[in-house]
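Heads up, the thing below is written out as structure tokens.
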There are 2 protein chains.
Amino acid sequence: MDIPVVENVLKVNDEVAAMNRAALRGAGIFTVDLIGAPGCGKTALIEATIRALGAQGVRVGVIVGDLATQRDAARMARFTDQVVQINTGKGCHLEAHQVRRAMDRIDLARVDVLFIENVGNLICPVGFDLGQDAKVGMFCTSGGDDKAGKHPYVVVESSVILLGKRDLLPYVPFDLEFFRADVRRLNAAAPILELSATTGEGMAAWVDWLAAGRNRVAGAAQACGAQ
Amino acid sequence: MDIPVVENVLKVNDEVAAMNRAALRGAGIFTVDLIGAPGCGKTALIEATIRALGAQGVRVGVIVGDLATQRDAARMARFTDQVVQINTGKGCHLEAHQVRRAMDRIDLARVDVLFIENVGNLICPVGFDLGQDAKVGMFCTSGGDDKAGKHPYVVVESSVILLGKRDLLPYVPFDLEFFRADVRRLNAAAPILELSATTGEGMAAWVDWLAAGRNRVAGAAQACGAQ
């Protein structure tokens, strides 16, 4: 039995991730690795985001990881035809080679923003580069105000921190200042975007952030192509 | 650098878990490994359970795992003095040797039911025996009705499935029949207990199940001691 060691796995992963990044950036695609606990609302957020970006003419593709079922892909396929589901079995995170295979099934010329919805897990996905432009860590009001402090590594590595399910605030104990203070202590640079995919509250700032990322990457791809 | 292989890690873990189990059963303690996503309500459930079992004269100890912070231990220390926090750093699950070290800091003669609150993660903790009598998988209404089907391994391995935050049902989309059907398909034997630590709804059946487990283990320990 051939048992690869952890160091080697990470080295190979980084090489494949670099290839993914080159291909995605070359196509002018802004790619987000969305990391959050099971049930924090990643899929609902992506559904709402596809609609909001679509209204601006920005086309979204999705690669979604789950242990089992095609449920999330089926949900998102109602809003975009560029969706690939990866079933990881007992695998607790996505790796770059899985994303690479999924990319082969996406028409990159028809995508402006690519979401990689990672397996629902706040821990293991953090250590694996997939070729994304930004990692985005997602929490939710119903999950409690203490979770950023208890999961510091995803906060440290994220370019933006999302707090979803803002519409549930009246029904759950959640101290916004306590949550924000944890995030600030761990990552002073990342914006904290509080939103609700259900009511649409706070979605505009998130959509603006994605559109700006897309414009930056597309601009760079065009400049390189023009040289 | 010495890099232990996965197979060896699991073999050593199983041996230490067997030692833990022998020590805990010998002391007449019923031990539960509580596994659930971050924010599903594990700590709040244990707090409410300590109070409810305490009213019946059943004493509870807790070993709690988190990446960082002593927050959960501090919360539960309000209700029992037999609490040990394990900080795993980047570790995504508890292992038997960590539980063994924590057991050294608990007065086993003063505990009837021991909770091991695993790191918030529905995936990685499932594969590691800690020496528990039962694994208990916990979901919550605000996490969505599709999560049992998307996390089948914890459902298969659990002796009981808990659905927490029942009090939030009016505010979230959650089809109870859909959730129950997923659980039944994966594990027809495990009871599904729907409850709320906040309102107390459904807590009686959970407390009865724990008390029955405690009586079974204590009876067996007494019979062995009497021989």
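Following the order of the structure tokens, first chain is A, next is B, and so on, with residues numbered from 1 inside each chain and ligands from 1 in the order they appear.
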Interface list for chain A, partner chain B, 9 Å threshold, only C-alpha atoms, as number ranges by chain: A: 3-7, 37-41, 66-71, 90-92, 120-124, 140, 142-144, 146-147, 149-153, 168, 171-172
I need the residues from that last selection saved to file as a compact mmCIF listing (two decimals), in the first residue's frame (with N, CA, C and O atoms), if you can.
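Printed below is out10.txt as written:
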```txt
# COMPACT_ATOMS: atom_id res chain seq x y z
N ILE A 3 1.29 4.95 0.84
CA ILE A 3 0.68 5.96 1.70
C ILE A 3 1.43 7.28 1.54
O ILE A 3 2.53 7.45 2.04
N PRO A 4 0.83 8.22 0.82
CA PRO A 4 1.52 9.50 0.62
C PRO A 4 1.62 10.25 1.95
O PRO A 4 0.71 10.21 2.76
N VAL A 5 2.69 10.94 2.15
CA VAL A 5 2.84 11.69 3.40
C VAL A 5 2.26 13.08 3.24
O VAL A 5 2.13 13.60 2.14
N VAL A 6 1.96 13.66 4.37
CA VAL A 6 1.24 14.94 4.36
C VAL A 6 1.99 16.03 3.60
O VAL A 6 1.42 16.76 2.81
N GLU A 7 3.29 16.11 3.84
CA GLU A 7 4.10 17.14 3.18
C GLU A 7 4.02 17.05 1.66
O GLU A 7 3.88 18.06 0.98
N ALA A 37 -19.23 26.37 7.92
CA ALA A 37 -19.76 25.17 8.58
C ALA A 37 -20.95 24.62 7.79
O ALA A 37 -21.60 25.36 7.04
N PRO A 38 -21.25 23.33 7.97
CA PRO A 38 -22.46 22.79 7.36
C PRO A 38 -23.67 23.58 7.87
O PRO A 38 -23.77 23.85 9.07
N GLY A 39 -24.53 24.01 6.97
CA GLY A 39 -25.75 24.67 7.40
C GLY A 39 -25.61 26.16 7.67
O GLY A 39 -26.55 26.79 8.15
N CYS A 40 -24.45 26.77 7.34
CA CYS A 40 -24.30 28.21 7.60
C CYS A 40 -24.94 29.03 6.48
O CYS A 40 -25.07 30.25 6.61
N GLY A 41 -25.31 28.36 5.38
CA GLY A 41 -26.04 29.07 4.33
C GLY A 41 -25.24 29.36 3.08
O GLY A 41 -25.58 30.27 2.32
N ASP A 66 -19.34 18.15 -1.64
CA ASP A 66 -20.10 17.54 -0.55
C ASP A 66 -19.61 16.10 -0.40
O ASP A 66 -19.15 15.51 -1.38
N LEU A 67 -19.78 15.54 0.78
CA LEU A 67 -19.45 14.13 0.96
C LEU A 67 -20.31 13.27 0.03
O LEU A 67 -19.82 12.37 -0.64
N ALA A 68 -21.61 13.56 0.04
CA ALA A 68 -22.56 12.74 -0.71
C ALA A 68 -23.71 13.60 -1.21
O ALA A 68 -23.89 14.72 -0.73
N THR A 69 -24.45 13.10 -2.15
CA THR A 69 -25.63 13.71 -2.79
C THR A 69 -25.24 14.76 -3.84
O THR A 69 -24.16 15.32 -3.81
N GLN A 70 -26.19 14.99 -4.75
CA GLN A 70 -26.05 16.02 -5.80
C GLN A 70 -26.98 17.19 -5.49
O GLN A 70 -27.32 17.98 -6.37
N ARG A 71 -27.42 17.29 -4.23
CA ARG A 71 -28.47 18.24 -3.88
C ARG A 71 -28.11 19.70 -4.16
O ARG A 71 -28.91 20.45 -4.69
N LYS A 90 -15.61 10.30 2.07
CA LYS A 90 -15.33 10.69 3.45
C LYS A 90 -14.37 11.88 3.52
O LYS A 90 -13.92 12.26 4.60
N GLY A 91 -14.03 12.45 2.37
CA GLY A 91 -13.06 13.55 2.32
C GLY A 91 -13.63 14.83 2.90
O GLY A 91 -14.70 15.27 2.51
N CYS A 92 -12.88 15.45 3.81
CA CYS A 92 -13.37 16.56 4.62
C CYS A 92 -13.09 17.92 4.00
O CYS A 92 -13.40 18.94 4.60
N GLY A 120 -18.72 21.44 3.74
CA GLY A 120 -19.11 22.14 4.96
C GLY A 120 -18.21 21.76 6.13
O GLY A 120 -18.34 20.68 6.71
N ASN A 121 -17.28 22.66 6.47
CA ASN A 121 -16.24 22.34 7.45
C ASN A 121 -15.42 23.62 7.64
O ASN A 121 -14.91 24.17 6.67
N LEU A 122 -15.30 24.10 8.85
CA LEU A 122 -14.57 25.35 9.10
C LEU A 122 -13.07 25.13 9.30
O LEU A 122 -12.34 26.09 9.54
N ILE A 123 -12.61 23.90 9.26
CA ILE A 123 -11.22 23.62 9.67
C ILE A 123 -10.37 23.14 8.50
O ILE A 123 -9.48 23.84 8.02
N CYS A 124 -10.64 21.92 8.03
CA CYS A 124 -9.74 21.27 7.08
C CYS A 124 -9.58 22.01 5.75
O CYS A 124 -8.48 21.99 5.17
N CYS A 140 -22.66 32.41 10.60
CA CYS A 140 -24.07 32.80 10.56
C CYS A 140 -24.57 33.10 11.97
O CYS A 140 -24.03 32.59 12.95
N SER A 142 -27.24 32.24 13.55
CA SER A 142 -27.79 31.12 14.31
C SER A 142 -26.70 30.18 14.82
O SER A 142 -26.96 29.33 15.66
N GLY A 143 -25.47 30.35 14.34
CA GLY A 143 -24.35 29.52 14.81
C GLY A 143 -23.67 30.08 16.05
O GLY A 143 -22.78 29.43 16.60
N GLY A 144 -24.05 31.28 16.48
CA GLY A 144 -23.47 31.82 17.72
C GLY A 144 -22.36 32.81 17.46
O GLY A 144 -21.60 32.69 16.50
N ASP A 146 -19.64 33.32 19.04
CA ASP A 146 -18.31 32.93 19.51
C ASP A 146 -17.50 32.16 18.47
O ASP A 146 -16.36 31.76 18.75
N LYS A 147 -18.05 31.93 17.29
CA LYS A 147 -17.43 30.98 16.36
C LYS A 147 -16.18 31.51 15.65
O LYS A 147 -15.30 30.74 15.29
N GLY A 149 -13.82 33.38 16.97
CA GLY A 149 -12.73 33.18 17.92
C GLY A 149 -12.36 31.72 18.08
O GLY A 149 -11.20 31.39 18.33
N LYS A 150 -13.34 30.83 17.92
CA LYS A 150 -13.08 29.40 18.07
C LYS A 150 -12.54 28.76 16.80
O LYS A 150 -12.08 27.62 16.83
N HIS A 151 -12.63 29.47 15.69
CA HIS A 151 -12.09 28.98 14.41
C HIS A 151 -11.20 30.06 13.79
O HIS A 151 -11.50 30.62 12.74
N PRO A 152 -10.07 30.34 14.46
CA PRO A 152 -9.26 31.49 14.06
C PRO A 152 -8.59 31.35 12.69
O PRO A 152 -8.38 32.34 12.00
N TYR A 153 -8.26 30.12 12.26
CA TYR A 153 -7.44 29.97 11.05
C TYR A 153 -8.20 30.39 9.79
O TYR A 153 -7.63 31.02 8.90
N LEU A 168 -32.24 36.27 11.04
CA LEU A 168 -32.58 35.49 12.24
C LEU A 168 -32.15 36.17 13.54
O LEU A 168 -32.42 35.66 14.63
N TYR A 171 -34.23 36.28 16.73
CA TYR A 171 -34.66 35.01 17.33
C TYR A 171 -33.54 34.23 18.01
O TYR A 171 -33.77 33.16 18.56
N VAL A 172 -32.31 34.73 17.93
CA VAL A 172 -31.18 33.99 18.49
C VAL A 172 -30.32 34.93 19.34
O VAL A 172 -30.30 36.14 19.10
```
Enumerate the residues of segment 24-227 of chain B with a DSSP assignment of strand (DSSP E), computed from the backbone, and present them as JSON, numbers by chain. {"B": [30, 31, 32, 33, 34, 35, 36, 60, 61, 62, 63, 64, 65, 66, 83, 84, 85, 86, 87, 113, 114, 115, 116, 117, 134, 135, 136, 137, 138, 139, 140, 160, 161, 162, 163, 164, 192, 193, 194]}
Restricted to N, CA, C and O atoms, what would the selected residues look like written as a short mmCIF file (atom, residue, chain, number, x, y, z; two decimals), in the first residue's frame?
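Generated output (result.cif):
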```
data_model
loop_
_atom_site.label_atom_id
_atom_site.label_comp_id
_atom_site.auth_asym_id
_atom_site.auth_seq_id
_atom_site.Cartn_x
_atom_site.Cartn_y
_atom_site.Cartn_z
N PHE B 30 -21.17 6.35 32.07
CA PHE B 30 -21.71 6.27 30.71
C PHE B 30 -21.15 7.45 29.91
O PHE B 30 -21.34 8.60 30.29
N THR B 31 -20.46 7.14 28.81
CA THR B 31 -19.71 8.17 28.08
C THR B 31 -20.27 8.39 26.68
O THR B 31 -20.45 7.43 25.92
N VAL B 32 -20.52 9.64 26.36
CA VAL B 32 -21.10 10.02 25.06
C VAL B 32 -20.11 10.89 24.30
O VAL B 32 -19.59 11.88 24.84
N ASP B 33 -19.84 10.54 23.04
CA ASP B 33 -19.05 11.37 22.13
C ASP B 33 -20.05 12.17 21.30
O ASP B 33 -20.72 11.62 20.43
N LEU B 34 -20.16 13.46 21.58
CA LEU B 34 -21.16 14.32 20.91
C LEU B 34 -20.52 15.00 19.70
O LEU B 34 -19.57 15.78 19.85
N ILE B 35 -21.06 14.70 18.53
CA ILE B 35 -20.48 15.18 17.26
C ILE B 35 -21.49 16.04 16.53
O ILE B 35 -22.63 15.62 16.30
N GLY B 36 -21.10 17.24 16.15
CA GLY B 36 -22.00 18.11 15.39
C GLY B 36 -21.23 19.26 14.77
O GLY B 36 -20.08 19.53 15.14
N VAL B 60 -22.61 14.99 36.08
CA VAL B 60 -22.08 15.05 34.71
C VAL B 60 -20.67 15.64 34.69
O VAL B 60 -20.42 16.66 35.35
N GLY B 61 -19.78 15.03 33.93
CA GLY B 61 -18.48 15.59 33.63
C GLY B 61 -18.39 15.90 32.14
O GLY B 61 -19.14 15.33 31.34
N VAL B 62 -17.51 16.81 31.77
CA VAL B 62 -17.39 17.20 30.35
C VAL B 62 -15.93 17.34 29.96
O VAL B 62 -15.15 18.01 30.64
N ILE B 63 -15.57 16.71 28.84
CA ILE B 63 -14.30 16.97 28.17
C ILE B 63 -14.66 17.64 26.86
O ILE B 63 -15.43 17.07 26.07
N VAL B 64 -14.16 18.85 26.63
CA VAL B 64 -14.60 19.60 25.46
C VAL B 64 -13.43 20.00 24.57
O VAL B 64 -12.42 20.50 25.06
N GLY B 65 -13.58 19.74 23.28
CA GLY B 65 -12.53 20.04 22.31
C GLY B 65 -12.86 21.24 21.46
O GLY B 65 -13.99 21.40 21.00
N ASP B 66 -11.88 22.11 21.28
CA ASP B 66 -11.99 23.25 20.38
C ASP B 66 -10.60 23.54 19.83
O ASP B 66 -9.60 23.25 20.48
N VAL B 83 -14.82 19.61 34.52
CA VAL B 83 -14.74 20.07 33.12
C VAL B 83 -13.28 20.22 32.71
O VAL B 83 -12.51 20.84 33.44
N VAL B 84 -12.93 19.69 31.55
CA VAL B 84 -11.58 19.87 31.01
C VAL B 84 -11.69 20.32 29.56
O VAL B 84 -12.40 19.69 28.76
N GLN B 85 -11.01 21.40 29.23
CA GLN B 85 -10.97 21.87 27.83
C GLN B 85 -9.69 21.38 27.16
O GLN B 85 -8.60 21.51 27.72
N ILE B 86 -9.84 20.84 25.96
CA ILE B 86 -8.69 20.47 25.14
C ILE B 86 -8.64 21.44 23.96
O ILE B 86 -9.63 21.57 23.24
N ASN B 87 -7.52 22.13 23.76
CA ASN B 87 -7.35 22.96 22.57
C ASN B 87 -6.51 22.18 21.56
O ASN B 87 -5.38 21.79 21.84
N VAL B 113 -22.20 10.47 34.23
CA VAL B 113 -22.30 10.59 32.76
C VAL B 113 -21.19 11.53 32.31
O VAL B 113 -21.05 12.63 32.84
N LEU B 114 -20.40 11.09 31.34
CA LEU B 114 -19.31 11.93 30.82
C LEU B 114 -19.61 12.30 29.37
O LEU B 114 -19.80 11.42 28.52
N PHE B 115 -19.67 13.60 29.10
CA PHE B 115 -19.76 14.06 27.72
C PHE B 115 -18.37 14.36 27.19
O PHE B 115 -17.59 15.05 27.85
N ILE B 116 -18.10 13.87 25.99
CA ILE B 116 -16.95 14.35 25.24
C ILE B 116 -17.53 15.19 24.11
O ILE B 116 -18.12 14.66 23.17
N GLU B 117 -17.44 16.51 24.25
CA GLU B 117 -17.93 17.40 23.19
C GLU B 117 -16.81 17.53 22.17
O GLU B 117 -15.80 18.18 22.42
N ALA B 134 -21.31 5.57 23.42
CA ALA B 134 -22.17 5.91 22.28
C ALA B 134 -21.68 7.17 21.60
O ALA B 134 -21.29 8.13 22.26
N LYS B 135 -21.72 7.14 20.28
CA LYS B 135 -21.58 8.38 19.51
C LYS B 135 -22.97 8.95 19.31
O LYS B 135 -23.91 8.21 19.01
N VAL B 136 -23.10 10.26 19.45
CA VAL B 136 -24.38 10.92 19.23
C VAL B 136 -24.16 12.02 18.20
O VAL B 136 -23.34 12.93 18.41
N GLY B 137 -24.85 11.92 17.08
CA GLY B 137 -24.74 12.92 16.01
C GLY B 137 -25.81 13.98 16.19
O GLY B 137 -26.98 13.66 16.39
N MET B 138 -25.40 15.25 16.13
CA MET B 138 -26.35 16.34 16.37
C MET B 138 -26.48 17.25 15.15
O MET B 138 -25.49 17.71 14.58
N PHE B 139 -27.72 17.50 14.76
CA PHE B 139 -28.05 18.47 13.71
C PHE B 139 -28.92 19.56 14.33
O PHE B 139 -29.27 19.47 15.51
N CYS B 140 -29.27 20.59 13.57
CA CYS B 140 -30.16 21.62 14.11
C CYS B 140 -31.06 22.18 13.02
O CYS B 140 -30.71 22.13 11.82
N VAL B 160 -27.83 7.59 18.63
CA VAL B 160 -28.99 8.47 18.68
C VAL B 160 -28.71 9.64 17.75
O VAL B 160 -27.56 10.08 17.65
N ILE B 161 -29.74 10.14 17.07
CA ILE B 161 -29.59 11.37 16.28
C ILE B 161 -30.40 12.46 16.96
O ILE B 161 -31.59 12.28 17.25
N LEU B 162 -29.75 13.57 17.23
CA LEU B 162 -30.42 14.72 17.85
C LEU B 162 -30.70 15.79 16.79
O LEU B 162 -29.85 16.06 15.94
N LEU B 163 -31.89 16.37 16.87
CA LEU B 163 -32.20 17.56 16.08
C LEU B 163 -32.47 18.69 17.06
O LEU B 163 -33.52 18.70 17.73
N GLY B 164 -31.53 19.60 17.19
CA GLY B 164 -31.63 20.69 18.15
C GLY B 164 -32.27 21.94 17.57
O GLY B 164 -32.62 21.99 16.40
N ILE B 192 -34.54 9.23 16.80
CA ILE B 192 -34.36 10.64 16.44
C ILE B 192 -35.02 11.47 17.54
O ILE B 192 -36.23 11.37 17.73
N LEU B 193 -34.24 12.24 18.25
CA LEU B 193 -34.78 13.05 19.35
C LEU B 193 -34.74 14.52 18.95
O LEU B 193 -33.66 15.07 18.70
N GLU B 194 -35.91 15.13 18.87
CA GLU B 194 -36.02 16.53 18.47
C GLU B 194 -36.21 17.35 19.73
O GLU B 194 -37.13 17.08 20.52
#
```
Hey, could you lay chain A over chain B with a least-squares C-alpha fit (all atoms, paired in order) and save it as a short mmCIF file (atom, residue, chain, number, x, y, z; two decimals) with C-alpha atoms, in the first residue's frame?
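Result file out-v7.cif:
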```
data_model
loop_
_atom_site.label_atom_id
_atom_site.label_comp_id
_atom_site.auth_asym_id
_atom_site.auth_seq_id
_atom_site.Cartn_x
_atom_site.Cartn_y
_atom_site.Cartn_z
CA MET A 1 11.05 14.29 10.39
CA ASP A 2 8.97 11.35 11.57
CA ILE A 3 5.67 11.22 9.72
CA PRO A 4 3.29 8.63 11.14
CA VAL A 5 1.08 6.99 8.55
CA VAL A 6 -2.67 7.02 8.76
CA GLU A 7 -3.05 3.30 9.40
CA ASN A 8 -0.68 3.38 12.34
CA VAL A 9 -2.36 6.44 13.85
CA LEU A 10 -5.71 4.65 13.81
CA LYS A 11 -4.28 1.47 15.31
CA VAL A 12 -2.65 3.32 18.21
CA ASN A 13 -5.81 5.39 18.65
CA ASP A 14 -7.93 2.25 18.93
CA GLU A 15 -5.63 0.79 21.60
CA VAL A 16 -5.78 3.93 23.73
CA ALA A 17 -9.55 4.15 23.20
CA ALA A 18 -9.91 0.60 24.53
CA MET A 19 -7.99 1.61 27.67
CA ASN A 20 -10.22 4.68 28.10
CA ARG A 21 -13.33 2.53 27.71
CA ALA A 22 -12.15 -0.01 30.29
CA ALA A 23 -11.37 2.73 32.82
CA LEU A 24 -14.64 4.59 32.26
CA ARG A 25 -16.83 1.48 32.35
CA GLY A 26 -14.95 0.22 35.39
CA ALA A 27 -15.94 3.45 37.12
CA GLY A 28 -19.57 2.94 36.09
CA ILE A 29 -19.54 6.03 33.84
CA PHE A 30 -21.71 6.28 30.70
CA THR A 31 -19.71 8.18 28.09
CA VAL A 32 -21.10 10.03 25.07
CA ASP A 33 -19.05 11.38 22.14
CA LEU A 34 -21.15 14.32 20.93
CA ILE A 35 -20.48 15.18 17.27
CA GLY A 36 -21.99 18.11 15.40
CA ALA A 37 -21.24 21.11 13.20
CA PRO A 38 -19.90 24.34 14.71
CA GLY A 39 -22.87 26.29 16.04
CA CYS A 40 -25.39 23.42 16.08
CA GLY A 41 -25.84 23.90 19.82
CA LYS A 42 -23.70 21.20 21.45
CA THR A 43 -22.54 23.34 24.38
CA ALA A 44 -26.00 24.77 25.12
CA LEU A 45 -27.41 21.24 25.05
CA ILE A 46 -24.80 19.98 27.51
CA GLU A 47 -25.48 22.92 29.84
CA ALA A 48 -29.21 22.12 29.86
CA THR A 49 -28.47 18.41 30.26
CA ILE A 50 -26.22 18.95 33.28
CA ARG A 51 -29.06 20.81 34.98
CA ALA A 52 -31.71 18.23 34.08
CA LEU A 53 -29.62 15.22 35.11
CA GLY A 54 -28.49 17.06 38.24
CA ALA A 55 -32.13 17.33 39.31
CA GLN A 56 -32.21 13.50 39.25
CA GLY A 57 -28.96 13.21 41.21
CA VAL A 58 -26.93 12.19 38.15
CA ARG A 59 -23.53 13.92 38.05
CA VAL A 60 -22.08 15.05 34.70
CA GLY A 61 -18.47 15.61 33.64
CA VAL A 62 -17.38 17.20 30.36
CA ILE A 63 -14.29 16.98 28.17
CA VAL A 64 -14.61 19.62 25.46
CA GLY A 65 -12.52 20.04 22.32
CA ASP A 66 -12.00 23.27 20.38
CA LEU A 67 -9.26 24.61 18.13
CA ALA A 68 -8.80 27.63 20.37
CA THR A 69 -10.24 29.42 23.44
CA GLN A 70 -11.48 28.13 26.81
CA ARG A 71 -14.95 29.54 26.18
CA ASP A 72 -16.95 26.32 26.27
CA ALA A 73 -15.27 25.04 29.44
CA ALA A 74 -15.91 28.39 31.11
CA ARG A 75 -19.59 28.17 30.17
CA MET A 76 -20.01 24.64 31.49
CA ALA A 77 -17.95 25.25 34.64
CA ARG A 78 -20.95 27.22 35.91
CA PHE A 79 -22.81 23.90 36.20
CA THR A 80 -20.17 21.28 37.06
CA ASP A 81 -16.63 21.36 38.44
CA GLN A 82 -15.62 18.30 36.37
CA VAL A 83 -14.74 20.08 33.11
CA VAL A 84 -11.58 19.88 31.00
CA GLN A 85 -10.98 21.88 27.83
CA ILE A 86 -8.69 20.49 25.13
CA ASN A 87 -7.35 22.97 22.56
CA THR A 88 -6.44 21.10 19.39
CA GLY A 89 -4.75 23.98 17.52
CA LYS A 90 -5.40 23.13 13.89
CA GLY A 91 -6.60 19.62 14.79
CA CYS A 92 -10.03 18.91 13.30
CA HIS A 93 -11.09 16.14 15.74
CA LEU A 94 -10.29 14.67 19.15
CA GLU A 95 -8.15 11.54 19.47
CA ALA A 96 -8.13 8.94 22.24
CA HIS A 97 -4.79 10.02 23.75
CA GLN A 98 -6.12 13.56 24.25
CA VAL A 99 -9.16 12.19 26.05
CA ARG A 100 -6.88 9.97 28.17
CA ARG A 101 -4.85 12.98 29.35
CA ALA A 102 -8.05 14.92 30.07
CA MET A 103 -9.41 11.96 32.10
CA ASP A 104 -6.44 12.35 34.45
CA ARG A 105 -7.82 15.76 35.40
CA ILE A 106 -11.32 14.48 36.17
CA ASP A 107 -12.39 12.83 39.43
CA LEU A 108 -14.04 9.74 37.92
CA ALA A 109 -15.58 8.80 41.28
CA ARG A 110 -17.66 11.98 41.07
CA VAL A 111 -19.03 11.48 37.55
CA ASP A 112 -21.96 9.35 36.35
CA VAL A 113 -22.29 10.59 32.76
CA LEU A 114 -19.31 11.93 30.81
CA PHE A 115 -19.77 14.08 27.72
CA ILE A 116 -16.95 14.36 25.24
CA GLU A 117 -17.94 17.40 23.20
CA ASN A 118 -15.94 16.90 20.02
CA VAL A 119 -14.48 19.67 17.87
CA GLY A 120 -17.25 21.30 15.80
CA ASN A 121 -17.04 19.19 12.64
CA LEU A 122 -19.47 16.65 11.15
CA ILE A 123 -16.80 14.69 9.27
CA CYS A 124 -13.38 14.02 10.79
CA PRO A 125 -14.44 13.09 14.36
CA VAL A 126 -16.54 10.16 13.08
CA GLY A 127 -13.56 7.90 12.33
CA PHE A 128 -11.87 8.11 15.74
CA ASP A 129 -12.88 5.90 18.65
CA LEU A 130 -12.38 7.78 21.93
CA GLY A 131 -13.56 5.05 24.33
CA GLN A 132 -17.18 6.28 24.39
CA ASP A 133 -20.23 4.07 24.96
CA ALA A 134 -22.18 5.92 22.29
CA LYS A 135 -21.57 8.39 19.52
CA VAL A 136 -24.38 10.93 19.23
CA GLY A 137 -24.73 12.94 16.02
CA MET A 138 -26.35 16.34 16.38
CA PHE A 139 -28.06 18.47 13.71
CA CYS A 140 -30.16 21.62 14.11
CA THR A 141 -33.21 23.15 12.44
CA SER A 142 -31.36 26.32 11.43
CA GLY A 143 -28.76 24.20 9.62
CA GLY A 144 -31.27 22.91 7.07
CA ASP A 145 -33.20 19.68 6.56
CA ASP A 146 -30.70 18.27 4.02
CA LYS A 147 -27.70 17.84 6.32
CA ALA A 148 -28.22 14.22 7.46
CA GLY A 149 -28.18 13.05 3.84
CA LYS A 150 -25.12 15.15 3.09
CA HIS A 151 -23.23 13.81 6.13
CA PRO A 152 -24.14 10.12 6.06
CA TYR A 153 -21.18 8.70 8.02
CA VAL A 154 -22.00 10.42 11.30
CA VAL A 155 -25.61 9.24 10.94
CA VAL A 156 -24.55 5.64 10.31
CA GLU A 157 -22.21 5.58 13.33
CA SER A 158 -24.53 7.25 15.86
CA SER A 159 -26.62 5.51 18.52
CA VAL A 160 -28.98 8.49 18.69
CA ILE A 161 -29.59 11.37 16.28
CA LEU A 162 -30.41 14.73 17.85
CA LEU A 163 -32.19 17.56 16.08
CA GLY A 164 -31.62 20.68 18.15
CA LYS A 165 -32.99 24.24 18.05
CA ARG A 166 -36.53 22.98 17.60
CA ASP A 167 -37.71 26.39 18.89
CA LEU A 168 -36.43 28.01 15.66
CA LEU A 169 -38.71 25.90 13.40
CA PRO A 170 -41.20 28.75 12.82
CA TYR A 171 -38.42 30.99 11.46
CA VAL A 172 -36.49 28.68 9.12
CA PRO A 173 -37.36 26.49 6.13
CA PHE A 174 -37.12 22.92 7.45
CA ASP A 175 -39.12 19.86 6.38
CA LEU A 176 -39.12 17.48 9.36
CA GLU A 177 -40.30 14.51 7.26
CA PHE A 178 -37.50 15.04 4.74
CA PHE A 179 -34.91 15.09 7.53
CA ARG A 180 -36.37 12.03 9.25
CA ALA A 181 -36.50 10.07 5.97
CA ASP A 182 -32.77 10.68 5.38
CA VAL A 183 -31.92 9.46 8.88
CA ARG A 184 -34.17 6.40 8.60
CA ARG A 185 -32.62 5.42 5.24
CA LEU A 186 -29.10 5.59 6.72
CA ASN A 187 -29.76 4.29 10.22
CA ALA A 188 -33.14 2.68 10.91
CA ALA A 189 -32.22 1.73 14.50
CA ALA A 190 -31.20 5.07 16.00
CA PRO A 191 -33.91 7.09 17.76
CA ILE A 192 -34.35 10.64 16.44
CA LEU A 193 -34.77 13.05 19.34
CA GLU A 194 -36.02 16.53 18.48
CA LEU A 195 -35.43 19.07 21.21
CA SER A 196 -34.62 22.59 22.28
CA ALA A 197 -32.14 23.41 25.00
CA THR A 198 -33.66 26.89 25.17
CA THR A 199 -37.31 25.96 25.78
CA GLY A 200 -36.71 22.51 27.27
CA GLU A 201 -39.02 20.91 24.69
CA GLY A 202 -38.02 17.29 24.04
CA MET A 203 -35.33 17.26 26.74
CA ALA A 204 -37.09 14.60 28.85
CA ALA A 205 -36.63 11.82 26.28
CA TRP A 206 -32.94 12.70 25.91
CA VAL A 207 -32.36 12.76 29.66
CA ASP A 208 -34.19 9.42 30.01
CA TRP A 209 -31.96 7.89 27.32
CA LEU A 210 -28.82 9.08 29.14
CA ALA A 211 -30.08 7.88 32.54
CA ALA A 212 -30.86 4.44 31.08
CA GLY A 213 -27.34 4.27 29.63
CA ARG A 214 -25.87 5.25 32.98
CA ASN A 215 -27.93 2.59 34.82
CA ARG A 216 -26.81 -0.09 32.35
CA VAL A 217 -23.11 0.73 32.67
CA ALA A 218 -23.26 1.20 36.45
CA GLY A 219 -25.11 -2.10 36.83
CA ALA A 220 -22.50 -3.94 34.82
CA ALA A 221 -19.64 -2.32 36.80
CA GLN A 222 -21.29 -3.34 40.08
CA ALA A 223 -21.85 -6.93 38.88
CA CYS A 224 -18.17 -7.22 37.91
CA GLY A 225 -17.05 -5.69 41.21
CA ALA A 226 -19.24 -8.17 43.17
CA GLN A 227 -17.74 -11.26 41.53
#
```
Report as a ChimeraX atom specification: the residues of segment 80-149 of chain B with a DSSP assignment of helix (DSSP H, G or I), based on the backbone of this structure. /B:96-103,108-110,124-127,141-143,147-149
